[in-house]
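One structure is given below, encoded as structure tokens.
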Amino acid sequence: DDGCEDMLTEDRYEYIIENINRNNSVKLKDLVDILGTSESTVRRDFDELEARGFLKRVRGGAISSSNFTQDISINTRKHENTDSKIALGRYCASLVEDGDCLYLDAGTTTNEIIPFLKGKDIVVVTNGIHNIDRLVENKIRSYIIGGSIKPMTNTIVGEIAVENLSHYRFTIAFIGANGISYNSSITTPDVSEAAVKKKAIQLSKRPYVVADSSKFDKVSFSEICRLEDVSIITNVSEDEIDPRIVEASEVITI
């Protein structure tokens with residue numbers, strides 16, 4: 001059964017990636033023993049994960065790829081690249097018009113959009129707990145979706161969140177991501193967060209991924225969407241971005 005084989009393959013990928021993240025390296029021989037599979041299968045897994053940017057093959061095993069990104073707490077992220085995030089927030093808000101129904105993802109960059117939305121006749125739906133205070137301060141009519149709380153990112157995620165989201169339709173959405181690369185598309189570390197982001201994109205007429213320079217040529221574990229599914233708003237000049245990304249997605253540089 002192909003579906004079962006695919007699931008087992010993805011399970012192996014997840015195990016290999018978790019071990020590399022924890023130990024910075026894995027040995028081929030150890031994986032053969034632990035996973036109960038052949039050397040040729042593990043080598044194929046290495047080839048695929050290297051192509052996706054998750055690891056780098058070395059003699060006898062694999063090591064962590066410097067391009068691979070993991071979850072970082074929101075308290076750490078909110079102090080990084082602040083000027084860039086404010087500039088991106090200002091530009092994103094300029095795309096929002098009276099009457100828009102807006103989805104605002106839970107990210108530190110998307111959070112900087114909120115002050116520039118003040119005075120607009122709009123409705124905002126969000127899964128970002130840290131977005132709520134700012135939305136209330138700026139007197140913006142808002143809804144927060146229900147679901148499970150992920151403390152590290154102050155985000156509401158899970159099956160209930162995805163189901164809750166399906167009751168809405170959006171004219172415009174701003175989504176955060178941890179990685180944007182040609183081979184791996186648009187990614188984030190957490191599968192449950194990726195599912196919420198993916199659903200919001202599907203429900204939006206104009207979905208945008210908002211990304212500063214730290215997100216390009218990086219890869220995380222879970223795919224959010226393909227490059228062609230969204231437009232990308234960034235403060236990176238076009239000539240610094242992989243031209244294949246520019247060709248696959250509409251890239252707006254500010």
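Identifiers in this document derive from the order of the structure tokens: chains are assigned A, B, ..., residues are numbered from 1 separately in each chain, and ligands are numbered from 1 in order of occurrence.
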Can you list, as a list in words, every protein, DNA or RNA residue that comes within 10 Å of A:Thr155 when you count only C-alpha atoms, leaving out same-chain residues fewer than 6 positions away?
Ile74, Asp105, Ala106, Gly107, Thr126, Asn127, Gly128, Ile129, His130, Asn131, Gly147, Ser148, Ile149 and Glu193 of chain A
For all heavy atoms, I'd like the residues from the last selection saved as an mmCIF file, in the first residue's frame.
data_model
loop_
_atom_site.group_PDB
_atom_site.id
_atom_site.type_symbol
_atom_site.label_atom_id
_atom_site.label_comp_id
_atom_site.auth_asym_id
_atom_site.auth_seq_id
_atom_site.Cartn_x
_atom_site.Cartn_y
_atom_site.Cartn_z
ATOM 1 N N ILE A 74 8.685 33.463 21.174
ATOM 2 C CA ILE A 74 8.222 34.763 20.690
ATOM 3 C C ILE A 74 8.917 35.910 21.425
ATOM 4 O O ILE A 74 9.178 36.964 20.847
ATOM 5 C CB ILE A 74 6.686 34.873 20.797
ATOM 6 C CG1 ILE A 74 6.195 36.062 19.971
ATOM 7 C CG2 ILE A 74 6.217 34.953 22.245
ATOM 8 C CD1 ILE A 74 4.772 35.970 19.555
ATOM 9 N N ASP A 105 -1.913 36.433 10.902
ATOM 10 C CA ASP A 105 -1.225 35.288 11.486
ATOM 11 C C ASP A 105 -0.482 35.690 12.765
ATOM 12 O O ASP A 105 -0.215 36.872 13.005
ATOM 13 C CB ASP A 105 -0.239 34.767 10.433
ATOM 14 C CG ASP A 105 0.350 33.423 10.783
ATOM 15 O OD1 ASP A 105 -0.295 32.659 11.513
ATOM 16 O OD2 ASP A 105 1.462 33.138 10.311
ATOM 17 N N ALA A 106 -0.124 34.685 13.554
ATOM 18 C CA ALA A 106 0.581 34.926 14.818
ATOM 19 C C ALA A 106 2.078 34.960 14.588
ATOM 20 O O ALA A 106 2.740 33.940 14.669
ATOM 21 C CB ALA A 106 0.242 33.821 15.804
ATOM 22 N N GLY A 107 2.610 36.117 14.279
ATOM 23 C CA GLY A 107 4.056 36.255 14.118
ATOM 24 C C GLY A 107 4.484 37.624 14.596
ATOM 25 O O GLY A 107 3.660 38.537 14.720
ATOM 26 N N THR A 126 -7.649 36.377 13.979
ATOM 27 C CA THR A 126 -6.261 36.017 14.263
ATOM 28 C C THR A 126 -6.178 34.749 15.107
ATOM 29 O O THR A 126 -7.138 34.383 15.780
ATOM 30 C CB THR A 126 -5.522 37.174 14.985
ATOM 31 O OG1 THR A 126 -4.124 36.860 15.097
ATOM 32 C CG2 THR A 126 -6.089 37.418 16.370
ATOM 33 N N ASN A 127 -5.018 34.105 15.055
ATOM 34 C CA ASN A 127 -4.733 32.999 15.983
ATOM 35 C C ASN A 127 -3.576 33.378 16.915
ATOM 36 O O ASN A 127 -3.019 32.529 17.601
ATOM 37 C CB ASN A 127 -4.391 31.713 15.220
ATOM 38 C CG ASN A 127 -3.031 31.779 14.540
ATOM 39 O OD1 ASN A 127 -2.615 32.842 14.073
ATOM 40 N ND2 ASN A 127 -2.347 30.657 14.455
ATOM 41 N N GLY A 128 -3.232 34.666 16.922
ATOM 42 C CA GLY A 128 -2.112 35.137 17.738
ATOM 43 C C GLY A 128 -2.580 35.762 19.035
ATOM 44 O O GLY A 128 -3.198 36.833 19.029
ATOM 45 N N ILE A 129 -2.280 35.108 20.143
ATOM 46 C CA ILE A 129 -2.704 35.624 21.452
ATOM 47 C C ILE A 129 -2.073 36.997 21.702
ATOM 48 O O ILE A 129 -2.718 37.907 22.219
ATOM 49 C CB ILE A 129 -2.324 34.630 22.568
ATOM 50 C CG1 ILE A 129 -3.093 33.325 22.377
ATOM 51 C CG2 ILE A 129 -2.608 35.211 23.948
ATOM 52 C CD1 ILE A 129 -2.583 32.171 23.199
ATOM 53 N N HIS A 130 -0.805 37.162 21.298
ATOM 54 C CA HIS A 130 -0.111 38.436 21.530
ATOM 55 C C HIS A 130 -0.631 39.547 20.615
ATOM 56 O O HIS A 130 -0.297 40.707 20.813
ATOM 57 C CB HIS A 130 1.399 38.254 21.348
ATOM 58 C CG HIS A 130 1.783 37.886 19.949
ATOM 59 N ND1 HIS A 130 1.513 36.644 19.433
ATOM 60 C CD2 HIS A 130 2.391 38.594 18.970
ATOM 61 C CE1 HIS A 130 1.946 36.607 18.175
ATOM 62 N NE2 HIS A 130 2.479 37.755 17.877
ATOM 63 N N ASN A 131 -1.453 39.203 19.612
ATOM 64 C CA ASN A 131 -2.056 40.234 18.752
ATOM 65 C C ASN A 131 -3.241 40.924 19.423
ATOM 66 O O ASN A 131 -3.593 42.050 19.055
ATOM 67 C CB ASN A 131 -2.547 39.615 17.428
ATOM 68 C CG ASN A 131 -1.416 39.269 16.480
ATOM 69 O OD1 ASN A 131 -0.308 39.794 16.604
ATOM 70 N ND2 ASN A 131 -1.686 38.392 15.527
ATOM 71 N N GLY A 147 -8.966 26.850 19.964
ATOM 72 C CA GLY A 147 -8.064 25.728 19.732
ATOM 73 C C GLY A 147 -7.078 25.561 20.863
ATOM 74 O O GLY A 147 -7.249 26.101 21.954
ATOM 75 N N SER A 148 -6.029 24.821 20.589
ATOM 76 C CA SER A 148 -4.998 24.532 21.586
ATOM 77 C C SER A 148 -3.947 25.639 21.591
ATOM 78 O O SER A 148 -3.562 26.142 20.533
ATOM 79 C CB SER A 148 -4.345 23.188 21.219
ATOM 80 O OG SER A 148 -3.226 22.944 22.017
ATOM 81 N N ILE A 149 -3.470 26.015 22.790
ATOM 82 C CA ILE A 149 -2.479 27.097 22.901
ATOM 83 C C ILE A 149 -1.067 26.517 22.867
ATOM 84 O O ILE A 149 -0.743 25.608 23.630
ATOM 85 C CB ILE A 149 -2.687 27.910 24.188
ATOM 86 C CG1 ILE A 149 -4.047 28.609 24.155
ATOM 87 C CG2 ILE A 149 -1.565 28.933 24.370
ATOM 88 C CD1 ILE A 149 -4.457 29.234 25.470
ATOM 89 N N GLU A 193 0.986 24.343 13.432
ATOM 90 C CA GLU A 193 0.958 25.744 12.984
ATOM 91 C C GLU A 193 0.849 25.813 11.466
ATOM 92 O O GLU A 193 0.128 26.653 10.917
ATOM 93 C CB GLU A 193 2.218 26.488 13.452
ATOM 94 C CG GLU A 193 2.155 26.933 14.894
ATOM 95 C CD GLU A 193 3.173 28.026 15.221
ATOM 96 O OE1 GLU A 193 3.157 29.069 14.556
ATOM 97 O OE2 GLU A 193 3.971 27.822 16.149
#
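Non-sequential neighbours of stretch 22-27 of chain A (distance at most 7 Å, separation of 3 or more positions within a chain, only C-alpha atoms) are Glu18, Asn19, Asp30, Leu31, Gly60, Gly61, Ala62, Ile63 and Ser64 of chain A.
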Let me see the file: selected residues, N, CA and C atoms, as a tab-separated table (two decimals), in the first residue's frame.
chain	number	residue	atom	x	y	z
A	18	GLU	N	14.67	15.08	13.90
A	18	GLU	CA	14.65	15.34	15.35
A	18	GLU	C	16.00	15.02	15.99
A	19	ASN	N	16.61	13.89	15.56
A	19	ASN	CA	17.91	13.49	16.10
A	19	ASN	C	19.01	14.46	15.70
A	30	ASP	N	23.78	3.72	13.19
A	30	ASP	CA	22.82	3.82	14.30
A	30	ASP	C	21.39	3.83	13.77
A	31	LEU	N	21.17	4.58	12.69
A	31	LEU	CA	19.82	4.68	12.13
A	31	LEU	C	19.35	3.35	11.57
A	60	GLY	N	29.68	8.38	6.61
A	60	GLY	CA	29.15	7.59	7.72
A	60	GLY	C	27.91	8.15	8.38
A	61	GLY	N	27.35	9.24	7.83
A	61	GLY	CA	26.15	9.80	8.46
A	61	GLY	C	25.76	11.14	7.87
A	62	ALA	N	25.23	12.02	8.73
A	62	ALA	CA	24.79	13.34	8.29
A	62	ALA	C	24.90	14.32	9.46
A	63	ILE	N	25.05	15.59	9.11
A	63	ILE	CA	25.12	16.65	10.12
A	63	ILE	C	24.04	17.69	9.86
A	64	SER	N	23.84	18.54	10.83
A	64	SER	CA	22.84	19.60	10.72
A	64	SER	C	23.19	20.58	9.61
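The two atoms in question, atom CA of A:Arg134 and atom CA of A:Ala161, are spaced 21.1 Å apart.
Between atom CA of A:Ser231 and atom CA of A:Leu95 the interatomic distance comes to 12.6 Å.
With distances taken over only C-alpha atoms, A:Ser204 is the one residue among A:Ser204, A:Asn138, A:Ser94, A:Thr41 lying closest to A:Thr171.
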Which distance in Å separates atom CA of A:Leu135 and atom CA of A:Thr187, to one decimal?
26.5 Å
Write out as a compact mmCIF listing (two decimals) with all heavy atoms, in the first residue's frame all residues of stretch 127-245 of chain A that DSSP puts in strand (DSSP E or B) for this structure's backbone.
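Here's the written file part04.txt:
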# COMPACT_ATOMS: atom_id res chain seq x y z
N GLY A 128 -3.23 34.67 16.92
CA GLY A 128 -2.11 35.14 17.74
C GLY A 128 -2.58 35.76 19.03
O GLY A 128 -3.20 36.83 19.03
N ARG A 141 -12.12 45.85 15.18
CA ARG A 141 -13.08 44.77 15.40
C ARG A 141 -12.40 43.44 15.09
O ARG A 141 -11.91 43.23 13.97
CB ARG A 141 -14.31 44.97 14.51
CG ARG A 141 -15.48 44.07 14.84
CD ARG A 141 -16.80 44.72 14.44
NE ARG A 141 -16.83 45.09 13.05
CZ ARG A 141 -17.49 44.43 12.10
NH1 ARG A 141 -18.16 43.33 12.41
NH2 ARG A 141 -17.50 44.85 10.86
N SER A 142 -12.37 42.53 16.05
CA SER A 142 -11.52 41.33 15.92
C SER A 142 -12.19 40.08 16.46
O SER A 142 -13.03 40.13 17.35
CB SER A 142 -10.21 41.54 16.68
OG SER A 142 -9.58 42.73 16.31
N TYR A 143 -11.75 38.96 15.91
CA TYR A 143 -12.13 37.63 16.39
C TYR A 143 -10.86 36.82 16.60
O TYR A 143 -9.92 36.93 15.80
CB TYR A 143 -12.99 36.89 15.36
CG TYR A 143 -14.34 37.52 15.11
CD1 TYR A 143 -14.46 38.61 14.23
CD2 TYR A 143 -15.49 37.03 15.73
CE1 TYR A 143 -15.69 39.19 13.98
CE2 TYR A 143 -16.72 37.61 15.48
CZ TYR A 143 -16.82 38.69 14.62
OH TYR A 143 -18.04 39.27 14.38
N ILE A 144 -10.83 36.00 17.65
CA ILE A 144 -9.71 35.07 17.83
C ILE A 144 -10.26 33.66 17.71
O ILE A 144 -11.33 33.36 18.25
CB ILE A 144 -8.98 35.29 19.17
CG1 ILE A 144 -7.72 34.41 19.24
CG2 ILE A 144 -9.89 35.06 20.37
CD1 ILE A 144 -6.68 34.88 20.24
N SER A 148 -6.03 24.82 20.59
CA SER A 148 -5.00 24.53 21.59
C SER A 148 -3.95 25.64 21.59
O SER A 148 -3.56 26.14 20.53
CB SER A 148 -4.35 23.19 21.22
OG SER A 148 -3.23 22.94 22.02
N ILE A 149 -3.47 26.02 22.79
CA ILE A 149 -2.48 27.10 22.90
C ILE A 149 -1.07 26.52 22.87
O ILE A 149 -0.74 25.61 23.63
CB ILE A 149 -2.69 27.91 24.19
CG1 ILE A 149 -4.05 28.61 24.16
CG2 ILE A 149 -1.57 28.93 24.37
CD1 ILE A 149 -4.46 29.23 25.47
N LYS A 150 -0.24 27.05 21.98
CA LYS A 150 1.18 26.68 21.94
C LYS A 150 1.96 27.79 22.64
O LYS A 150 2.14 28.88 22.09
CB LYS A 150 1.63 26.52 20.49
CG LYS A 150 3.07 26.10 20.36
CD LYS A 150 3.48 25.99 18.90
CE LYS A 150 4.97 25.79 18.80
NZ LYS A 150 5.46 25.86 17.43
N THR A 155 0.50 31.00 20.22
CA THR A 155 -0.31 30.74 19.03
C THR A 155 -1.40 29.73 19.33
O THR A 155 -1.19 28.81 20.12
CB THR A 155 0.61 30.17 17.92
OG1 THR A 155 1.73 31.01 17.75
CG2 THR A 155 -0.12 30.05 16.61
N ILE A 156 -2.55 29.89 18.68
CA ILE A 156 -3.62 28.91 18.79
C ILE A 156 -3.55 27.99 17.58
O ILE A 156 -3.56 28.45 16.43
CB ILE A 156 -4.99 29.60 18.92
CG1 ILE A 156 -5.03 30.36 20.25
CG2 ILE A 156 -6.12 28.58 18.85
CD1 ILE A 156 -6.20 31.26 20.43
N VAL A 157 -3.46 26.68 17.84
CA VAL A 157 -3.22 25.71 16.78
C VAL A 157 -4.12 24.49 16.98
O VAL A 157 -4.94 24.45 17.89
CB VAL A 157 -1.74 25.25 16.76
CG1 VAL A 157 -0.81 26.40 16.42
CG2 VAL A 157 -1.33 24.63 18.11
N PHE A 170 -11.76 35.36 3.78
CA PHE A 170 -10.94 36.57 3.91
C PHE A 170 -10.66 37.21 2.55
O PHE A 170 -10.41 36.52 1.57
CB PHE A 170 -9.60 36.23 4.59
CG PHE A 170 -9.78 35.49 5.89
CD1 PHE A 170 -9.46 34.14 5.98
CD2 PHE A 170 -10.30 36.13 7.01
CE1 PHE A 170 -9.64 33.44 7.17
CE2 PHE A 170 -10.48 35.44 8.20
CZ PHE A 170 -10.15 34.09 8.28
N THR A 171 -10.69 38.54 2.54
CA THR A 171 -10.27 39.24 1.33
C THR A 171 -8.75 39.33 1.25
O THR A 171 -8.18 39.38 0.16
CB THR A 171 -10.86 40.67 1.28
OG1 THR A 171 -10.53 41.36 2.50
CG2 THR A 171 -12.37 40.65 1.10
N ILE A 172 -8.10 39.32 2.41
CA ILE A 172 -6.65 39.47 2.45
C ILE A 172 -6.09 38.76 3.70
O ILE A 172 -6.77 38.73 4.73
CB ILE A 172 -6.27 40.98 2.43
CG1 ILE A 172 -4.78 41.20 2.24
CG2 ILE A 172 -6.78 41.70 3.66
CD1 ILE A 172 -4.43 42.65 1.88
N ALA A 173 -4.91 38.18 3.57
CA ALA A 173 -4.29 37.49 4.72
C ALA A 173 -2.80 37.77 4.74
O ALA A 173 -2.16 37.83 3.68
CB ALA A 173 -4.53 36.00 4.64
N PHE A 174 -2.26 37.93 5.93
CA PHE A 174 -0.82 38.10 6.11
C PHE A 174 -0.31 36.96 6.98
O PHE A 174 -0.73 36.79 8.13
CB PHE A 174 -0.52 39.45 6.77
CG PHE A 174 -0.93 40.62 5.91
CD1 PHE A 174 -2.01 41.41 6.27
CD2 PHE A 174 -0.23 40.92 4.75
CE1 PHE A 174 -2.40 42.49 5.48
CE2 PHE A 174 -0.62 41.99 3.95
CZ PHE A 174 -1.71 42.77 4.31
N ILE A 175 0.59 36.18 6.42
CA ILE A 175 1.08 34.95 7.04
C ILE A 175 2.57 35.07 7.30
O ILE A 175 3.33 35.55 6.46
CB ILE A 175 0.83 33.74 6.09
CG1 ILE A 175 -0.63 33.70 5.63
CG2 ILE A 175 1.26 32.44 6.74
CD1 ILE A 175 -1.65 33.36 6.68
N GLY A 179 10.84 29.74 6.87
CA GLY A 179 11.75 29.45 5.77
C GLY A 179 11.09 29.65 4.42
O GLY A 179 9.91 29.32 4.24
N ILE A 180 11.87 30.21 3.48
CA ILE A 180 11.43 30.34 2.09
C ILE A 180 12.60 29.89 1.22
O ILE A 180 13.67 30.50 1.25
CB ILE A 180 11.05 31.80 1.73
CG1 ILE A 180 9.89 32.29 2.61
CG2 ILE A 180 10.67 31.91 0.25
CD1 ILE A 180 9.57 33.77 2.44
N SER A 181 12.40 28.81 0.48
CA SER A 181 13.45 28.35 -0.42
C SER A 181 12.82 27.72 -1.66
O SER A 181 11.68 27.27 -1.61
CB SER A 181 14.36 27.33 0.28
OG SER A 181 13.72 26.08 0.38
N SER A 185 9.95 25.25 -0.75
CA SER A 185 8.80 26.16 -0.70
C SER A 185 8.76 26.97 0.59
O SER A 185 9.79 27.39 1.07
CB SER A 185 7.49 25.39 -0.93
OG SER A 185 7.52 24.76 -2.19
N ILE A 186 7.56 27.11 1.17
CA ILE A 186 7.39 27.97 2.35
C ILE A 186 7.10 27.08 3.55
O ILE A 186 6.16 26.28 3.53
CB ILE A 186 6.28 29.00 2.10
CG1 ILE A 186 6.73 29.91 0.94
CG2 ILE A 186 5.99 29.82 3.34
CD1 ILE A 186 5.69 30.84 0.41
N THR A 187 7.93 27.22 4.59
CA THR A 187 7.90 26.24 5.68
C THR A 187 7.90 26.89 7.07
O THR A 187 8.25 28.06 7.22
CB THR A 187 9.12 25.30 5.58
OG1 THR A 187 10.32 26.08 5.50
CG2 THR A 187 9.04 24.40 4.36
N THR A 188 7.53 26.07 8.06
CA THR A 188 7.53 26.47 9.46
C THR A 188 7.85 25.23 10.31
O THR A 188 7.60 24.11 9.84
CB THR A 188 6.17 27.12 9.84
OG1 THR A 188 6.31 27.87 11.04
CG2 THR A 188 5.06 26.09 10.00
N SER A 204 -8.33 32.68 1.66
CA SER A 204 -8.07 34.10 1.37
C SER A 204 -8.01 34.38 -0.12
O SER A 204 -7.42 33.63 -0.88
CB SER A 204 -6.75 34.52 2.01
OG SER A 204 -6.80 34.34 3.40
N LYS A 205 -8.60 35.52 -0.46
CA LYS A 205 -8.57 35.97 -1.86
C LYS A 205 -7.16 36.44 -2.23
O LYS A 205 -6.66 36.16 -3.32
CB LYS A 205 -9.57 37.13 -2.00
CG LYS A 205 -10.01 37.42 -3.41
CD LYS A 205 -11.16 38.43 -3.36
CE LYS A 205 -11.51 38.90 -4.76
NZ LYS A 205 -12.58 39.91 -4.73
N ARG A 206 -6.53 37.18 -1.31
CA ARG A 206 -5.16 37.70 -1.56
C ARG A 206 -4.26 37.32 -0.38
O ARG A 206 -4.12 38.08 0.57
CB ARG A 206 -5.19 39.23 -1.71
CG ARG A 206 -5.88 39.72 -2.98
CD ARG A 206 -5.82 41.24 -3.04
NE ARG A 206 -6.67 41.86 -2.04
CZ ARG A 206 -6.41 43.02 -1.44
NH1 ARG A 206 -5.30 43.68 -1.71
NH2 ARG A 206 -7.25 43.52 -0.55
N PRO A 207 -3.65 36.13 -0.42
CA PRO A 207 -2.76 35.74 0.67
C PRO A 207 -1.32 36.21 0.45
O PRO A 207 -0.76 36.05 -0.64
CB PRO A 207 -2.84 34.21 0.64
CG PRO A 207 -3.17 33.86 -0.77
CD PRO A 207 -3.85 35.04 -1.38
N TYR A 208 -0.74 36.80 1.48
CA TYR A 208 0.64 37.27 1.44
C TYR A 208 1.46 36.60 2.53
O TYR A 208 0.99 36.50 3.67
CB TYR A 208 0.71 38.79 1.67
CG TYR A 208 0.04 39.63 0.61
CD1 TYR A 208 -1.28 40.05 0.78
CD2 TYR A 208 0.72 40.00 -0.54
CE1 TYR A 208 -1.90 40.83 -0.19
CE2 TYR A 208 0.11 40.79 -1.52
CZ TYR A 208 -1.21 41.19 -1.34
OH TYR A 208 -1.82 41.95 -2.29
N VAL A 209 2.66 36.17 2.19
CA VAL A 209 3.63 35.77 3.21
C VAL A 209 4.56 36.96 3.42
O VAL A 209 5.09 37.52 2.47
CB VAL A 209 4.43 34.52 2.77
CG1 VAL A 209 5.66 34.32 3.64
CG2 VAL A 209 3.54 33.29 2.83
N VAL A 210 4.73 37.35 4.69
CA VAL A 210 5.54 38.52 5.03
C VAL A 210 6.85 38.03 5.63
O VAL A 210 6.84 37.29 6.62
CB VAL A 210 4.80 39.43 6.04
CG1 VAL A 210 5.55 40.74 6.21
CG2 VAL A 210 3.36 39.68 5.59
N ALA A 211 7.98 38.41 5.02
CA ALA A 211 9.25 37.83 5.44
C ALA A 211 10.39 38.83 5.35
O ALA A 211 10.54 39.52 4.34
CB ALA A 211 9.58 36.63 4.55
N PHE A 216 14.91 33.86 4.00
CA PHE A 216 15.21 33.33 2.67
C PHE A 216 16.32 32.29 2.70
O PHE A 216 17.28 32.40 3.46
CB PHE A 216 15.55 34.46 1.71
CG PHE A 216 14.33 35.24 1.29
CD1 PHE A 216 13.93 36.35 2.02
CD2 PHE A 216 13.57 34.85 0.21
CE1 PHE A 216 12.79 37.07 1.67
CE2 PHE A 216 12.42 35.55 -0.15
CZ PHE A 216 12.04 36.66 0.58
N VAL A 219 15.04 26.55 5.66
CA VAL A 219 14.07 25.46 5.57
C VAL A 219 13.65 25.05 6.97
O VAL A 219 14.48 24.94 7.86
CB VAL A 219 14.70 24.23 4.85
CG1 VAL A 219 13.67 23.11 4.73
CG2 VAL A 219 15.23 24.60 3.48
N SER A 222 7.97 21.65 8.33
CA SER A 222 6.63 21.44 7.77
C SER A 222 6.28 22.47 6.70
O SER A 222 6.40 23.67 6.92
CB SER A 222 5.61 21.51 8.91
OG SER A 222 4.35 21.11 8.46
N GLU A 223 5.83 21.97 5.56
CA GLU A 223 5.46 22.87 4.46
C GLU A 223 4.13 23.57 4.75
O GLU A 223 3.17 22.94 5.18
CB GLU A 223 5.33 22.09 3.15
CG GLU A 223 5.03 22.98 1.96
CD GLU A 223 4.80 22.22 0.67
OE1 GLU A 223 3.66 21.75 0.47
OE2 GLU A 223 5.75 22.11 -0.12
N ILE A 224 4.12 24.88 4.51
CA ILE A 224 2.87 25.65 4.62
C ILE A 224 2.15 25.62 3.28
O ILE A 224 0.96 25.33 3.18
CB ILE A 224 3.16 27.11 5.02
CG1 ILE A 224 3.82 27.18 6.40
CG2 ILE A 224 1.88 27.95 4.98
CD1 ILE A 224 4.41 28.55 6.73
N CYS A 225 2.87 25.98 2.23
CA CYS A 225 2.27 26.03 0.89
C CYS A 225 3.39 26.09 -0.15
O CYS A 225 4.56 26.21 0.18
CB CYS A 225 1.36 27.25 0.76
SG CYS A 225 2.24 28.82 0.88
N SER A 231 1.69 35.53 -2.60
CA SER A 231 2.64 36.59 -2.92
C SER A 231 3.53 36.78 -1.68
O SER A 231 3.09 36.53 -0.56
CB SER A 231 1.91 37.89 -3.24
OG SER A 231 1.05 37.71 -4.35
N ILE A 232 4.77 37.20 -1.90
CA ILE A 232 5.71 37.40 -0.80
C ILE A 232 6.04 38.87 -0.68
O ILE A 232 6.42 39.51 -1.67
CB ILE A 232 7.01 36.59 -1.04
CG1 ILE A 232 6.71 35.09 -1.10
CG2 ILE A 232 8.04 36.88 0.06
CD1 ILE A 232 7.87 34.24 -1.61
N ILE A 233 5.88 39.42 0.52
CA ILE A 233 6.26 40.81 0.79
C ILE A 233 7.54 40.78 1.63
O ILE A 233 7.59 40.13 2.68
CB ILE A 233 5.14 41.56 1.55
CG1 ILE A 233 3.87 41.61 0.70
CG2 ILE A 233 5.60 42.97 1.92
CD1 ILE A 233 2.67 42.19 1.42
N THR A 234 8.56 41.48 1.16
CA THR A 234 9.85 41.44 1.86
C THR A 234 10.59 42.76 1.72
O THR A 234 10.30 43.56 0.83
CB THR A 234 10.72 40.29 1.30
OG1 THR A 234 11.94 40.23 2.04
CG2 THR A 234 11.03 40.49 -0.18
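Considering the residues A:Asn235, A:Asn21, A:Thr110, A:Ser40 and counting only C-alpha atoms, A:Ser214 has its shortest atom-to-atom contact with A:Asn235.
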Report the residues of stretch 25-192 of chain A whose backbone DSSP state falls under helix (DSSP H, G or I), written as a PyMOL selection string.
chain A and resi 28-35+39-51+74-77+82-94+108-111+114-117+129-137+159-165+191-192
Need the shell around A:Tyr182: protein/DNA/RNA residues with any atom at most 9 Å away, counting only C-alpha atoms. Skip same-chain ones fewer than 2 positions apart. Format as a VMD selection string?
chain A and resid 180 184 to 186 217 227 242 244 to 245 248
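Non-sequential neighbours of A:Ser38 (distance at most 10 Å, separation of 5 or more positions within a chain, only C-alpha atoms) are A:Leu28, A:Lys29, A:Leu31, A:Val32, A:Asp33, A:Arg43.
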